[in-house]
Amino acid sequence: MNDGFIAFWLLSMAAILYMTGWKEHVADGVPHRVIVYFVLFALLLHYVQLPIGDSALITGSATIAVTLAVALLIAMRNIGAMLFVLFSALLTGFMWMWMRYIYSIDPVFIVVSPNWDGPLLAGLFAGLLADRFKTQFILAVMAAVFSVGDQLLSPLAVSKPILIGTATWWDGLVIALCAARLTGNVKHWLKEKTLRMMESRGERGGSA
């Protein structure tokens, strides 16, 4: 499967769901113009590469994603919430990175696929740690950036610069974000189901 196809496939399904009445479940009602502009500029700037120091590069598309994530983080205007999100992103990214590193050494305990397991685990934790789409987006983007740290442990790290924002990187980011949304929606549904059960039991006890 070509790099980037998974991201295109998942985003296409998300777009269909978004336009057919699942707007809140897909992106918490984020206006479609924002999403269209984000995807458009990411596509236009994808092949632009910007240096980060002497050992890393970042594509224009990843720069847009990271910039938006940082802007959303600053917009929280709550130091406690910002620190929690940063710590959660660091933890999630570390798990993703460690799984990539383990698979590169000895790919034995593969659950779905070496390219899926890391972002799926990251998305699961992002969905459990955050309820809203914007926060999950921050976690997924920052975790995706942290996840490439496994390349620093590679023997080729000295001779080969790290590139953030490749098509494979976007595959992982979209997988993580979709997993986060799915986990968050399931968590929300279970919470509402539990509250309704408790309320119904309370009404029965009160009527008795």
# chains A, B, ... in the order shown; residues from 1 in each chain; ligands from 1
call {"tool": "residues_around", "arguments": {"residues": "stretch 21-32 of chain A", "least_positions_apart": "4", "cutoff": "8 Å", "atoms": "only C-alpha atoms", "output": "JSON, numbers by chain"}}
result
{"A": [14, 17, 36, 132, 133, 181, 185]}
call {"tool": "write_last_selection", "arguments": {"atoms": "all heavy atoms", "output": "PDB file, in the first residue's frame"}}
result
ATOM      1  N   ALA A  14     -14.216  10.017   6.849  1.00  0.00           N
ATOM      2  CA  ALA A  14     -14.601  11.032   7.824  1.00  0.00           C
ATOM      3  C   ALA A  14     -15.393  12.156   7.155  1.00  0.00           C
ATOM      4  O   ALA A  14     -16.368  12.666   7.722  1.00  0.00           O
ATOM      5  CB  ALA A  14     -13.359  11.597   8.512  1.00  0.00           C
ATOM      6  N   LEU A  17     -18.965  10.954   6.532  1.00  0.00           N
ATOM      7  CA  LEU A  17     -19.725  10.972   7.783  1.00  0.00           C
ATOM      8  C   LEU A  17     -20.056  12.405   8.205  1.00  0.00           C
ATOM      9  O   LEU A  17     -21.155  12.693   8.685  1.00  0.00           O
ATOM     10  CB  LEU A  17     -18.926  10.268   8.893  1.00  0.00           C
ATOM     11  CG  LEU A  17     -18.756   8.754   8.743  1.00  0.00           C
ATOM     12  CD1 LEU A  17     -17.795   8.230   9.803  1.00  0.00           C
ATOM     13  CD2 LEU A  17     -20.108   8.053   8.860  1.00  0.00           C
ATOM     14  N   VAL A  36     -11.569  22.443   5.412  1.00  0.00           N
ATOM     15  CA  VAL A  36     -11.194  22.526   3.992  1.00  0.00           C
ATOM     16  C   VAL A  36      -9.928  23.350   3.812  1.00  0.00           C
ATOM     17  O   VAL A  36      -9.011  22.953   3.072  1.00  0.00           O
ATOM     18  CB  VAL A  36     -12.353  23.122   3.171  1.00  0.00           C
ATOM     19  CG1 VAL A  36     -11.884  23.443   1.742  1.00  0.00           C
ATOM     20  CG2 VAL A  36     -13.531  22.165   3.130  1.00  0.00           C
ATOM     21  N   ARG A 132     -12.720  16.539  23.902  1.00  0.00           N
ATOM     22  CA  ARG A 132     -13.049  17.386  22.761  1.00  0.00           C
ATOM     23  C   ARG A 132     -12.109  17.142  21.584  1.00  0.00           C
ATOM     24  O   ARG A 132     -10.953  16.729  21.743  1.00  0.00           O
ATOM     25  CB  ARG A 132     -12.974  18.870  23.154  1.00  0.00           C
ATOM     26  CG  ARG A 132     -13.805  19.221  24.383  1.00  0.00           C
ATOM     27  CD  ARG A 132     -15.277  18.927  24.176  1.00  0.00           C
ATOM     28  NE  ARG A 132     -15.838  19.746  23.110  1.00  0.00           N
ATOM     29  CZ  ARG A 132     -17.084  19.629  22.666  1.00  0.00           C
ATOM     30  NH1 ARG A 132     -17.890  18.705  23.182  1.00  0.00           N
ATOM     31  NH2 ARG A 132     -17.530  20.421  21.709  1.00  0.00           N
ATOM     32  N   PHE A 133     -12.612  17.408  20.384  1.00  0.00           N
ATOM     33  CA  PHE A 133     -11.839  17.189  19.157  1.00  0.00           C
ATOM     34  C   PHE A 133     -10.566  18.025  19.132  1.00  0.00           C
ATOM     35  O   PHE A 133      -9.494  17.533  18.751  1.00  0.00           O
ATOM     36  CB  PHE A 133     -12.711  17.526  17.942  1.00  0.00           C
ATOM     37  CG  PHE A 133     -11.958  17.521  16.641  1.00  0.00           C
ATOM     38  CD1 PHE A 133     -11.627  16.330  16.023  1.00  0.00           C
ATOM     39  CD2 PHE A 133     -11.563  18.710  16.044  1.00  0.00           C
ATOM     40  CE1 PHE A 133     -10.919  16.321  14.823  1.00  0.00           C
ATOM     41  CE2 PHE A 133     -10.862  18.709  14.846  1.00  0.00           C
ATOM     42  CZ  PHE A 133     -10.545  17.516  14.238  1.00  0.00           C
ATOM     43  N   ARG A 181     -10.986   9.926  18.149  1.00  0.00           N
ATOM     44  CA  ARG A 181     -12.397  10.301  18.009  1.00  0.00           C
ATOM     45  C   ARG A 181     -13.308   9.118  18.314  1.00  0.00           C
ATOM     46  O   ARG A 181     -14.330   9.259  18.998  1.00  0.00           O
ATOM     47  CB  ARG A 181     -12.677  10.804  16.590  1.00  0.00           C
ATOM     48  CG  ARG A 181     -12.057  12.141  16.252  1.00  0.00           C
ATOM     49  CD  ARG A 181     -12.449  13.215  17.247  1.00  0.00           C
ATOM     50  NE  ARG A 181     -13.898  13.414  17.260  1.00  0.00           N
ATOM     51  CZ  ARG A 181     -14.555  13.912  18.309  1.00  0.00           C
ATOM     52  NH1 ARG A 181     -13.923  14.202  19.430  1.00  0.00           N
ATOM     53  NH2 ARG A 181     -15.863  14.104  18.239  1.00  0.00           N
ATOM     54  N   ASN A 185     -15.865   9.066  21.422  1.00  0.00           N
ATOM     55  CA  ASN A 185     -17.306   8.900  21.214  1.00  0.00           C
ATOM     56  C   ASN A 185     -17.858   7.705  21.981  1.00  0.00           C
ATOM     57  O   ASN A 185     -18.947   7.771  22.556  1.00  0.00           O
ATOM     58  CB  ASN A 185     -17.604   8.741  19.717  1.00  0.00           C
ATOM     59  CG  ASN A 185     -17.491  10.050  18.961  1.00  0.00           C
ATOM     60  OD1 ASN A 185     -17.857  11.106  19.480  1.00  0.00           O
ATOM     61  ND2 ASN A 185     -16.973   9.998  17.747  1.00  0.00           N
TER      62      ASN A 185
END
call {"tool": "residues_around", "arguments": {"residues": "stretch 91-93 of chain A", "least_positions_apart": "4", "cutoff": "12 Å", "atoms": "only C-alpha atoms", "output": "VMD selection string"}}
result
chain A and resid 84 to 87 97 to 100 118 to 130 136 138 to 150 172 to 173 176 180
call {"tool": "closest_atom_pairs", "arguments": {"of": "stretch 94-202 of chain A", "to": "stretch 49-63 of chain A", "cutoff": "6 Å", "atoms": "only C-alpha atoms", "output": "Markdown table"}}
result
| residue | atom | partner | partner_atom | distance |
| --- | --- | --- | --- | --- |
| A:Pro161 | CA | A:Ser55 | CA | 4.8 |
| A:Ile162 | CA | A:Ala56 | CA | 4.4 |
| A:Leu163 | CA | A:Leu57 | CA | 4.7 |
| A:Ile164 | CA | A:Ile58 | CA | 4.6 |
| A:Gly165 | CA | A:Ala62 | CA | 4.7 |
call {"tool": "write_last_selection", "arguments": {"atoms": "C-alpha atoms", "output": "PDB file, in the first residue's frame"}}
result
ATOM      1  CA  PRO A 161      18.311  13.687   8.998  1.00  0.00           C
ATOM      2  CA  ILE A 162      14.890  13.201  10.562  1.00  0.00           C
ATOM      3  CA  LEU A 163      12.026  14.245   8.304  1.00  0.00           C
ATOM      4  CA  ILE A 164       8.752  15.154  10.016  1.00  0.00           C
ATOM      5  CA  GLY A 165       5.633  15.273   7.863  1.00  0.00           C
TER       6      GLY A 165
END
call {"tool": "closest_residue", "arguments": {"among": "A:Tyr18, A:Trp116, A:Tyr101, A:Phe137", "to": "A:Ile6", "atoms": "only C-alpha atoms"}}
result
A:Trp116
call {"tool": "atom_distance", "arguments": {"atom1": "atom CA of A:Ile175", "atom2": "atom CA of A:Leu10"}}
result
7.5 Å
